[in-house]
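Chemist: What follows is the file structure.txt, containing compact mmCIF, C-alpha atoms:
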```txt
# COMPACT_ATOMS: atom_id res chain seq x y z
CA MET A 1 -10.22 -2.47 -32.80
CA ASP A 2 -12.70 -2.90 -29.94
CA ILE A 3 -15.13 -0.02 -30.55
CA VAL A 4 -16.64 0.02 -27.04
CA PRO A 5 -13.38 0.77 -25.16
CA GLU A 6 -12.51 3.38 -27.79
CA ILE A 7 -15.87 5.11 -27.27
CA THR A 8 -15.32 4.92 -23.50
CA ARG A 9 -11.80 6.33 -23.87
CA ARG A 10 -13.00 9.28 -25.89
CA SER A 11 -15.91 9.98 -23.54
CA ILE A 12 -13.80 9.90 -20.36
CA THR A 13 -10.97 11.87 -21.95
CA ARG A 14 -13.39 14.53 -23.17
CA LEU A 15 -14.85 14.84 -19.67
CA ILE A 16 -11.41 15.19 -18.07
CA ASN A 17 -10.31 17.76 -20.63
CA ASP A 18 -13.43 19.70 -19.59
CA GLY A 19 -12.42 19.50 -15.92
CA LYS A 20 -14.91 16.75 -14.98
CA ARG A 21 -14.87 13.05 -14.03
CA ALA A 22 -17.40 10.36 -14.94
CA ASP A 23 -18.30 9.72 -11.28
CA GLY A 24 -18.57 13.41 -10.41
CA ARG A 25 -15.47 13.61 -8.22
CA ALA A 26 -13.01 16.48 -8.26
CA PHE A 27 -9.55 15.77 -9.67
CA ASP A 28 -8.07 15.68 -6.13
CA GLU A 29 -10.93 13.72 -4.52
CA ARG A 30 -10.70 10.12 -3.33
CA ARG A 31 -13.50 7.60 -3.25
CA ASP A 32 -15.02 6.58 0.10
CA ILE A 33 -12.64 4.70 2.39
CA PHE A 34 -13.64 2.01 4.89
CA ILE A 35 -11.13 0.27 7.19
CA GLU A 36 -11.91 -2.75 9.36
CA PRO A 37 -9.07 -4.01 11.61
CA ASN A 38 -8.66 -7.47 13.16
CA VAL A 39 -10.54 -9.44 10.50
CA ILE A 40 -8.38 -12.61 10.64
CA ASP A 41 -8.41 -14.47 13.96
CA LYS A 42 -5.30 -16.55 13.20
CA ALA A 43 -3.11 -13.58 12.31
CA GLU A 44 -1.31 -11.37 14.83
CA GLY A 45 -2.45 -8.34 12.84
CA SER A 46 -4.95 -7.91 10.03
CA ALA A 47 -7.22 -5.46 8.25
CA ARG A 48 -9.69 -5.14 5.41
CA VAL A 49 -9.84 -1.94 3.38
CA ARG A 50 -12.44 -0.83 0.89
CA LEU A 51 -11.55 2.08 -1.40
CA GLY A 52 -14.61 2.70 -3.51
CA ASP A 53 -15.38 -0.82 -4.73
CA THR A 54 -11.77 -2.01 -4.49
CA GLN A 55 -11.24 -4.34 -1.53
CA VAL A 56 -8.07 -5.86 -0.07
CA ILE A 57 -7.33 -7.96 3.00
CA VAL A 58 -3.96 -8.08 4.76
CA GLY A 59 -2.67 -10.48 7.39
CA VAL A 60 0.59 -10.16 9.34
CA LYS A 61 2.27 -13.31 10.59
CA PRO A 62 5.46 -12.97 12.72
CA THR A 63 8.07 -15.64 13.26
CA ILE A 64 11.53 -15.71 14.78
CA GLY A 65 14.55 -16.07 12.54
CA GLU A 66 18.09 -14.93 11.87
CA PRO A 67 18.85 -11.38 10.66
CA PHE A 68 20.55 -10.62 7.38
CA GLY A 69 24.31 -10.46 7.65
CA ASP A 70 24.55 -6.77 6.71
CA THR A 71 21.80 -5.73 9.16
CA PRO A 72 22.41 -7.85 12.27
CA ASN A 73 20.39 -5.55 14.54
CA LEU A 74 17.28 -5.16 12.37
CA GLY A 75 14.12 -7.20 12.10
CA VAL A 76 12.92 -8.44 8.72
CA LEU A 77 9.84 -7.49 6.66
CA MET A 78 8.62 -9.50 3.67
CA THR A 79 5.56 -8.55 1.61
CA ASN A 80 3.71 -10.99 -0.64
CA CYS A 81 0.72 -10.23 -2.84
CA GLU A 82 -1.96 -12.42 -4.40
CA LEU A 83 -4.44 -11.19 -6.98
CA LEU A 84 -7.34 -13.58 -6.42
CA PRO A 85 -9.10 -14.70 -9.63
CA MET A 86 -12.47 -13.83 -8.11
CA ALA A 87 -11.38 -10.18 -7.84
CA ALA A 88 -11.29 -9.48 -11.60
CA PRO A 89 -11.67 -11.36 -14.90
CA GLY A 90 -8.05 -10.67 -15.80
CA PHE A 91 -6.58 -12.20 -12.63
CA GLU A 92 -5.53 -15.83 -13.11
CA PRO A 93 -4.29 -18.55 -10.73
CA GLY A 94 -0.68 -19.61 -10.92
CA PRO A 95 2.71 -17.97 -10.40
CA PRO A 96 2.82 -14.28 -9.38
CA SER A 97 1.99 -11.96 -12.27
CA PRO A 98 4.04 -8.84 -13.09
CA GLU A 99 1.17 -6.78 -11.64
CA SER A 100 1.21 -8.62 -8.30
CA ILE A 101 5.01 -8.37 -8.11
CA GLU A 102 4.91 -4.62 -8.78
CA LEU A 103 2.16 -4.13 -6.20
CA ALA A 104 4.09 -6.03 -3.51
CA ARG A 105 7.30 -4.12 -4.28
CA VAL A 106 5.65 -0.68 -4.24
CA VAL A 107 3.93 -1.37 -0.90
CA ASP A 108 7.06 -2.96 0.57
CA ARG A 109 9.26 -0.05 -0.56
CA GLY A 110 6.89 2.47 0.99
CA ILE A 111 7.00 0.69 4.36
CA ARG A 112 10.78 0.50 4.34
CA GLU A 113 11.61 3.95 3.03
CA SER A 114 9.13 5.69 5.34
CA GLU A 115 10.68 3.75 8.26
CA LEU A 116 7.11 3.07 9.34
CA VAL A 117 8.22 0.16 11.56
CA ASP A 118 11.16 0.57 13.94
CA LEU A 119 13.08 -2.50 12.81
CA GLU A 120 15.72 -2.09 15.52
CA LYS A 121 13.08 -2.85 18.15
CA LEU A 122 12.35 -6.13 16.37
CA CYS A 123 15.85 -7.34 17.24
CA ILE A 124 15.82 -9.93 20.03
CA GLU A 125 19.58 -10.64 20.11
CA GLU A 126 21.85 -8.81 17.71
CA GLY A 127 23.30 -11.04 15.04
CA LYS A 128 21.35 -14.06 16.26
CA LYS A 129 17.58 -13.71 16.51
CA VAL A 130 15.06 -11.15 15.26
CA TRP A 131 11.37 -10.94 14.56
CA MET A 132 10.47 -11.58 10.90
CA LEU A 133 7.13 -10.17 9.73
CA PHE A 134 5.41 -11.83 6.78
CA ILE A 135 2.82 -9.48 5.27
CA ASP A 136 0.29 -11.27 3.06
CA LEU A 137 -1.82 -9.06 0.82
CA HIS A 138 -4.91 -10.44 -0.94
CA VAL A 139 -6.92 -8.47 -3.48
CA ILE A 140 -10.54 -9.65 -3.29
CA ASP A 141 -12.30 -7.02 -5.42
CA TYR A 142 -10.58 -4.87 -8.04
CA ASP A 143 -12.06 -1.57 -9.14
CA GLY A 144 -8.89 0.48 -9.62
CA ASN A 145 -6.03 1.90 -7.54
CA LEU A 146 -4.69 -1.18 -5.78
CA PHE A 147 -1.57 0.68 -4.61
CA ASP A 148 -3.34 3.10 -2.26
CA ALA A 149 -5.87 0.56 -0.99
CA SER A 150 -3.14 -2.00 -0.30
CA ASN A 151 -0.93 0.49 1.50
CA LEU A 152 -3.80 1.50 3.79
CA ALA A 153 -4.58 -2.15 4.54
CA VAL A 154 -0.95 -2.96 5.31
CA MET A 155 -0.64 0.03 7.64
CA ALA A 156 -3.89 -0.78 9.42
CA ALA A 157 -2.77 -4.40 9.88
CA LEU A 158 0.67 -3.40 11.18
CA MET A 159 -0.83 -0.87 13.58
CA ASN A 160 -2.90 -3.57 15.31
CA THR A 161 -0.19 -6.26 15.26
CA LYS A 162 0.89 -7.58 18.65
CA LEU A 163 3.97 -9.70 19.38
CA PRO A 164 4.71 -11.90 22.38
CA VAL A 165 7.39 -10.40 24.61
CA ALA A 166 10.60 -12.26 23.75
CA GLU A 167 13.82 -12.77 25.73
CA TYR A 168 17.08 -14.40 24.69
CA ILE A 169 18.15 -16.76 27.49
CA ASP A 170 20.89 -19.41 27.26
CA ASP A 171 21.04 -19.22 23.47
CA GLU A 172 17.28 -19.68 23.16
CA VAL A 173 14.37 -17.37 22.57
CA VAL A 174 11.77 -17.55 25.32
CA LEU A 175 8.32 -16.16 24.51
CA SER A 176 5.95 -14.91 27.15
CA GLU A 177 2.66 -16.78 27.25
CA ASP A 178 0.59 -13.85 28.49
CA GLU A 179 2.53 -10.63 27.82
CA THR A 180 2.47 -8.94 24.43
CA MET A 181 3.86 -5.76 22.90
CA ASP A 182 2.52 -3.53 20.16
CA LEU A 183 4.49 -3.45 16.94
CA PRO A 184 6.82 -0.40 17.17
CA ILE A 185 5.29 2.09 14.72
CA ARG A 186 7.12 5.40 14.41
CA ASP A 187 5.57 7.05 11.33
CA ARG A 188 2.74 6.69 8.84
CA LEU A 189 2.81 6.72 5.07
CA ALA A 190 0.31 8.38 2.74
CA LEU A 191 0.48 6.68 -0.65
CA SER A 192 -1.28 8.59 -3.44
CA THR A 193 -1.76 7.35 -6.99
CA PHE A 194 -2.45 9.71 -9.89
CA VAL A 195 -3.14 9.01 -13.54
CA LYS A 196 -2.80 11.28 -16.54
CA ILE A 197 -5.67 11.13 -19.03
CA GLY A 198 -5.78 13.70 -21.80
CA ASN A 199 -4.81 17.02 -20.25
CA GLY A 200 -5.77 16.10 -16.69
CA LEU A 201 -3.98 14.57 -13.71
CA ILE A 202 -6.43 12.85 -11.35
CA LEU A 203 -6.14 11.25 -7.92
CA ASP A 204 -7.40 7.76 -7.02
CA PRO A 205 -8.36 6.41 -10.44
CA SER A 206 -11.32 4.06 -10.78
CA LEU A 207 -10.90 0.93 -12.90
CA GLU A 208 -12.62 2.67 -15.81
CA GLU A 209 -10.08 5.50 -15.61
CA GLU A 210 -7.14 3.17 -15.01
CA GLU A 211 -7.89 1.17 -18.15
CA ILE A 212 -7.39 4.20 -20.41
CA LEU A 213 -4.56 6.01 -18.58
CA ASP A 214 -1.70 7.57 -20.48
CA ALA A 215 0.63 7.62 -17.46
CA ARG A 216 0.52 6.76 -13.77
CA ILE A 217 2.55 7.96 -10.81
CA THR A 218 2.37 6.78 -7.20
CA ILE A 219 3.91 9.02 -4.53
CA GLY A 220 4.56 8.13 -0.90
CA VAL A 221 4.87 10.92 1.67
CA THR A 222 5.50 10.53 5.39
CA GLU A 223 3.34 12.02 8.11
CA GLU A 224 5.98 12.92 10.70
CA GLY A 225 9.02 13.53 8.54
CA ASN A 226 6.84 15.23 5.92
CA HIS A 227 8.97 14.19 2.97
CA VAL A 228 8.67 12.17 -0.23
CA CYS A 229 9.98 8.67 0.47
CA SER A 230 8.90 6.66 -2.58
CA MET A 231 7.74 7.09 -6.15
CA GLN A 232 6.65 4.70 -8.91
CA LYS A 233 5.97 5.56 -12.57
CA GLY A 234 3.72 3.51 -14.83
CA GLY A 235 2.11 3.85 -18.22
CA GLU A 236 3.70 4.54 -21.58
CA ALA A 237 3.40 8.34 -21.78
CA PRO A 238 5.94 10.64 -20.11
CA LEU A 239 5.12 13.09 -17.35
CA SER A 240 6.45 16.63 -17.42
CA ARG A 241 8.30 18.20 -14.52
CA ASP A 242 5.30 20.40 -13.77
CA GLU A 243 2.93 17.41 -13.76
CA ILE A 244 5.15 15.54 -11.31
CA LEU A 245 5.36 18.59 -9.06
CA ASP A 246 1.57 18.99 -9.22
CA ALA A 247 1.17 15.36 -8.16
CA VAL A 248 3.62 15.82 -5.27
CA HIS A 249 1.75 18.93 -4.15
CA MET A 250 -1.58 17.08 -4.22
CA ALA A 251 -0.05 14.16 -2.31
CA PHE A 252 0.96 16.52 0.50
CA THR A 253 -2.28 18.52 0.57
CA THR A 254 -4.46 15.39 0.76
CA LYS A 255 -2.32 13.23 3.09
CA ASP A 256 -3.91 14.36 6.38
CA ASP A 257 -7.38 13.46 5.17
CA LEU A 258 -6.16 10.09 3.93
CA LEU A 259 -4.36 9.20 7.16
CA SER A 260 -7.30 10.33 9.29
CA HIS A 261 -9.06 7.10 8.29
CA LEU A 262 -6.47 5.16 10.31
CA ASP A 263 -7.25 6.99 13.56
```
Taking this structure as input, can you express it in the form of structure tokens?
Modeler:
Amino acid sequence: MDIVPEITRRSITRLINDGKRADGRAFDERRDIFIEPNVIDKAEGSARVRLGDTQVIVGVKPTIGEPFGDTPNLGVLMTNCELLPMAAPGFEPGPPSPESIELARVVDRGIRESELVDLEKLCIEEGKKVWMLFIDLHVIDYDGNLFDASNLAVMAALMNTKLPVAEYIDDEVVLSEDETMDLPIRDRLALSTFVKIGNGLILDPSLEEEEILDARITIGVTEEGNHVCSMQKGGEAPLSRDEILDAVHMAFTTKDDLLSHLD
């Protein structure tokens, strides 16, 4: 047994059971958030987000392709994630890890289920040509809660993405050389991650808190529709009905403050 993590576990758990956190935050308090848009010159949309000491960079690269057969009038979104080895000792080069796959899927699901992007307006010619958006997410510094930081970065990047105006003429797509359009955004998503440690349920876990969690739950709520659109459970311990409802309540009560950082 590694005695240092066990001592840390007991210390943090004792604090939380007493209604406190090691960094002095309240249970429903996030770390400082910093968002910088347009950080990649070669991308049509990009952003860097810092949540505490966690940092992620997102780039959006559009291309023209064919729609899926069952959604001939909808554009396509694809999210990829890379956990850079420089971000944390446990991140290694090579094929995508289970953690990077889960992160990409949670962020991608939130975008889709919140209907953040109006995919119908990404259709150039139904059944033939649509805009395809490749969202590349890179974690450059890991200090806990990648889900919320990544979601903010993806939203910030999508909100400043611009596409050339496209027309379908004589079976070809013609792109304007000097006229662009903003990506059609119709809602915003507040993604909130909570972890259960001891008897407490806390928002925005630091890495120190994440490493000793009993359970984790990530909840996505929409701004305009004001409904829960996604949820992801992690950790080995179960969560009670009341704990899940408490997390949902906190996600709603803190969403306006979270989304205000995108304004």
Chemist: Kindly indicate which residue among A:Gly198, A:Gly90, A:Pro164, A:Gly45 lies nearest to Leu213 (chain A), using only C-alpha atoms for the distances.
Modeler: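 Going through A:Gly198, A:Gly90, A:Pro164, A:Gly45 one by one, the smallest distance to Leu213 (chain A) is for A:Gly198.
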Chemist: Choose the residue, out of A:Phe91, A:Tyr142, A:Phe27, A:Phe34, that has the smallest atom-to-atom separation from Leu203 (chain A); count all atoms listed in the file.
Modeler: A:Phe27
Chemist: Taking all atoms listed in the file into account, name the residue in A:Gly65, A:Gly225, A:Gly19, A:Gly94 that is nearest to Gly200 (chain A).
Modeler: A:Gly19
Chemist: Which neighbours of Phe147 (chain A) fall inside 10 Å, counting only C-alpha atoms, when residues of the same chain fewer than 3 positions from it are skipped, and could you give them as an MDAnalysis selection string?
Modeler: chainID A and resid 102:104 106:107 144 150:152 191:193 204 218:219
Chemist: Would you export the selected residues with C-alpha atoms as a JSON list (two decimals), in the frame of the given file, please?
Modeler:
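Generated output (selection_37.json):
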```json
[["chain", "number", "residue", "atom", "x", "y", "z"],
["A", 102, "GLU", "CA", 4.91, -4.62, -8.78],
["A", 103, "LEU", "CA", 2.16, -4.13, -6.20],
["A", 104, "ALA", "CA", 4.09, -6.03, -3.51],
["A", 106, "VAL", "CA", 5.65, -0.68, -4.24],
["A", 107, "VAL", "CA", 3.93, -1.37, -0.90],
["A", 144, "GLY", "CA", -8.89, 0.48, -9.62],
["A", 150, "SER", "CA", -3.14, -2.00, -0.30],
["A", 151, "ASN", "CA", -0.93, 0.49, 1.50],
["A", 152, "LEU", "CA", -3.80, 1.50, 3.79],
["A", 191, "LEU", "CA", 0.48, 6.68, -0.65],
["A", 192, "SER", "CA", -1.28, 8.59, -3.44],
["A", 193, "THR", "CA", -1.76, 7.35, -6.99],
["A", 204, "ASP", "CA", -7.40, 7.76, -7.02],
["A", 218, "THR", "CA", 2.37, 6.78, -7.20],
["A", 219, "ILE", "CA", 3.91, 9.02, -4.53]]
```
Chemist: Tell me, as a VMD selection string, which residues lie within 8 Å of Gln55 (chain A), counting all atoms listed in the file; anything in the same chain fewer than 5 positions away does not count.
Modeler: chain A and resid 48 to 50 139 to 142 149
Chemist: Considering all atoms listed in the file, state which residue in the set A:Glu44, A:Asp171, A:Asp118, A:Glu177 is at the smallest distance from Ile135 (chain A).
Modeler: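 Nearest to Ile135 (chain A): A:Glu44.
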Chemist: Which is closest to Leu158 (chain A) among A:Asp136, A:Glu172, A:Glu66, A:Glu224, if we use all atoms listed in the file?
Modeler: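 Distance minimum relative to Leu158 (chain A) lands on A:Asp136.
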Chemist: State, in Å with one decimal place, the distance from CA of Leu146 (chain A) to CA of Arg109 (chain A).
Modeler: 14.9 Å
Chemist: With all atoms listed in the file as the basis for distance, which of A:Glu115, A:Asn73, A:His138, A:Asp187 is at the shortest distance from Ser100 (chain A)?
Modeler: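 Among the listed residues, A:His138 lies closest to Ser100 (chain A).
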Chemist: Please report the interatomic distance between CA of Ile202 (chain A) and CA of Asp32 (chain A) in Å with one decimal.
Modeler: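 Between CA of Ile202 (chain A) and CA of Asp32 (chain A) the gap works out to 15.6 Å.
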Chemist: In Å to one decimal, how far is CA of Thr253 (chain A) from CA of Glu210 (chain A)?
Modeler: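 Computing it gives 22.4 Å between the two atoms.
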Chemist: Determine, counting all atoms listed in the file, every residue of protein, DNA or RNA that lies within 12 Å of (6.9, -11.5, 20.7) in the file coordinates, then give the result as number ranges by chain.
Modeler: A: 44, 61-64, 121-124, 129-133, 161-168, 173-184
Chemist: Return as lines of an AutoDock Vina configuration file the box centre and box size in Å, one decimal, for an axis-aligned box around all listed atoms of region 221-240 of chain A padded by 5 Å per side.
Modeler:
```
center_x = 6.0
center_y = 10.1
center_z = -5.5
size_x = 17.9
size_y = 23.1
size_z = 42.5
```
Chemist: Could I see region 37-48 of chain A restored to all heavy atoms, set down as a compact mmCIF listing (two decimals), in the coordinates of the input?
Modeler:
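Output contents, as saved in result-v7.txt:
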```txt
# COMPACT_ATOMS: atom_id res chain seq x y z
N PRO A 37 -10.23 -3.28 11.08
CA PRO A 37 -9.07 -4.01 11.61
C PRO A 37 -9.48 -5.34 12.22
O PRO A 37 -10.66 -5.61 12.46
CB PRO A 37 -8.53 -3.06 12.69
CG PRO A 37 -9.75 -2.33 13.17
CD PRO A 37 -10.67 -2.20 11.98
N ASN A 38 -8.46 -6.19 12.45
CA ASN A 38 -8.66 -7.47 13.16
C ASN A 38 -9.73 -8.34 12.51
O ASN A 38 -10.70 -8.77 13.14
CB ASN A 38 -9.02 -7.21 14.62
CG ASN A 38 -7.92 -6.49 15.37
OD1 ASN A 38 -6.75 -6.85 15.27
ND2 ASN A 38 -8.29 -5.45 16.11
N VAL A 39 -9.55 -8.63 11.22
CA VAL A 39 -10.54 -9.44 10.50
C VAL A 39 -10.11 -10.91 10.37
O VAL A 39 -10.91 -11.73 9.93
CB VAL A 39 -10.81 -8.86 9.10
CG1 VAL A 39 -11.47 -7.50 9.19
CG2 VAL A 39 -9.53 -8.77 8.28
N ILE A 40 -8.87 -11.24 10.75
CA ILE A 40 -8.38 -12.61 10.64
C ILE A 40 -7.95 -13.07 12.03
O ILE A 40 -6.98 -12.56 12.60
CB ILE A 40 -7.19 -12.72 9.66
CG1 ILE A 40 -7.57 -12.14 8.29
CG2 ILE A 40 -6.74 -14.18 9.52
CD1 ILE A 40 -6.42 -12.09 7.31
N ASP A 41 -8.67 -14.02 12.58
CA ASP A 41 -8.41 -14.47 13.96
C ASP A 41 -7.03 -15.11 14.11
O ASP A 41 -6.40 -14.99 15.16
CB ASP A 41 -9.48 -15.48 14.40
CG ASP A 41 -10.84 -14.81 14.59
OD1 ASP A 41 -10.87 -13.59 14.79
OD2 ASP A 41 -11.86 -15.52 14.53
N LYS A 42 -6.56 -15.80 13.09
CA LYS A 42 -5.30 -16.55 13.20
C LYS A 42 -4.06 -15.69 13.01
O LYS A 42 -2.95 -16.14 13.24
CB LYS A 42 -5.26 -17.69 12.18
CG LYS A 42 -6.43 -18.66 12.28
CD LYS A 42 -6.39 -19.48 13.55
CE LYS A 42 -7.49 -20.53 13.53
NZ LYS A 42 -7.57 -21.27 14.80
N ALA A 43 -4.25 -14.46 12.56
CA ALA A 43 -3.11 -13.58 12.31
C ALA A 43 -2.88 -12.67 13.51
O ALA A 43 -3.83 -12.31 14.22
CB ALA A 43 -3.34 -12.73 11.06
N GLU A 44 -1.62 -12.29 13.73
CA GLU A 44 -1.31 -11.37 14.83
C GLU A 44 -1.69 -9.93 14.51
O GLU A 44 -1.75 -9.09 15.40
CB GLU A 44 0.18 -11.46 15.16
CG GLU A 44 0.56 -12.59 16.10
CD GLU A 44 0.45 -13.97 15.46
OE1 GLU A 44 0.36 -14.06 14.21
OE2 GLU A 44 0.46 -14.97 16.20
N GLY A 45 -1.95 -9.64 13.26
CA GLY A 45 -2.45 -8.34 12.84
C GLY A 45 -3.13 -8.49 11.50
O GLY A 45 -2.68 -9.27 10.66
N SER A 46 -4.23 -7.78 11.30
CA SER A 46 -4.95 -7.91 10.03
C SER A 46 -5.86 -6.71 9.82
O SER A 46 -6.17 -5.97 10.75
CB SER A 46 -5.77 -9.21 9.99
OG SER A 46 -6.76 -9.20 11.01
N ALA A 47 -6.29 -6.54 8.58
CA ALA A 47 -7.22 -5.46 8.25
C ALA A 47 -7.83 -5.69 6.89
O ALA A 47 -7.22 -6.34 6.02
CB ALA A 47 -6.52 -4.11 8.28
N ARG A 48 -9.03 -5.17 6.72
CA ARG A 48 -9.69 -5.14 5.41
C ARG A 48 -9.94 -3.68 5.06
O ARG A 48 -10.40 -2.90 5.90
CB ARG A 48 -11.01 -5.90 5.44
CG ARG A 48 -11.79 -5.83 4.11
CD ARG A 48 -12.99 -6.77 4.14
NE ARG A 48 -14.02 -6.30 5.03
CZ ARG A 48 -15.06 -5.55 4.65
NH1 ARG A 48 -15.19 -5.20 3.38
NH2 ARG A 48 -15.98 -5.17 5.53
```
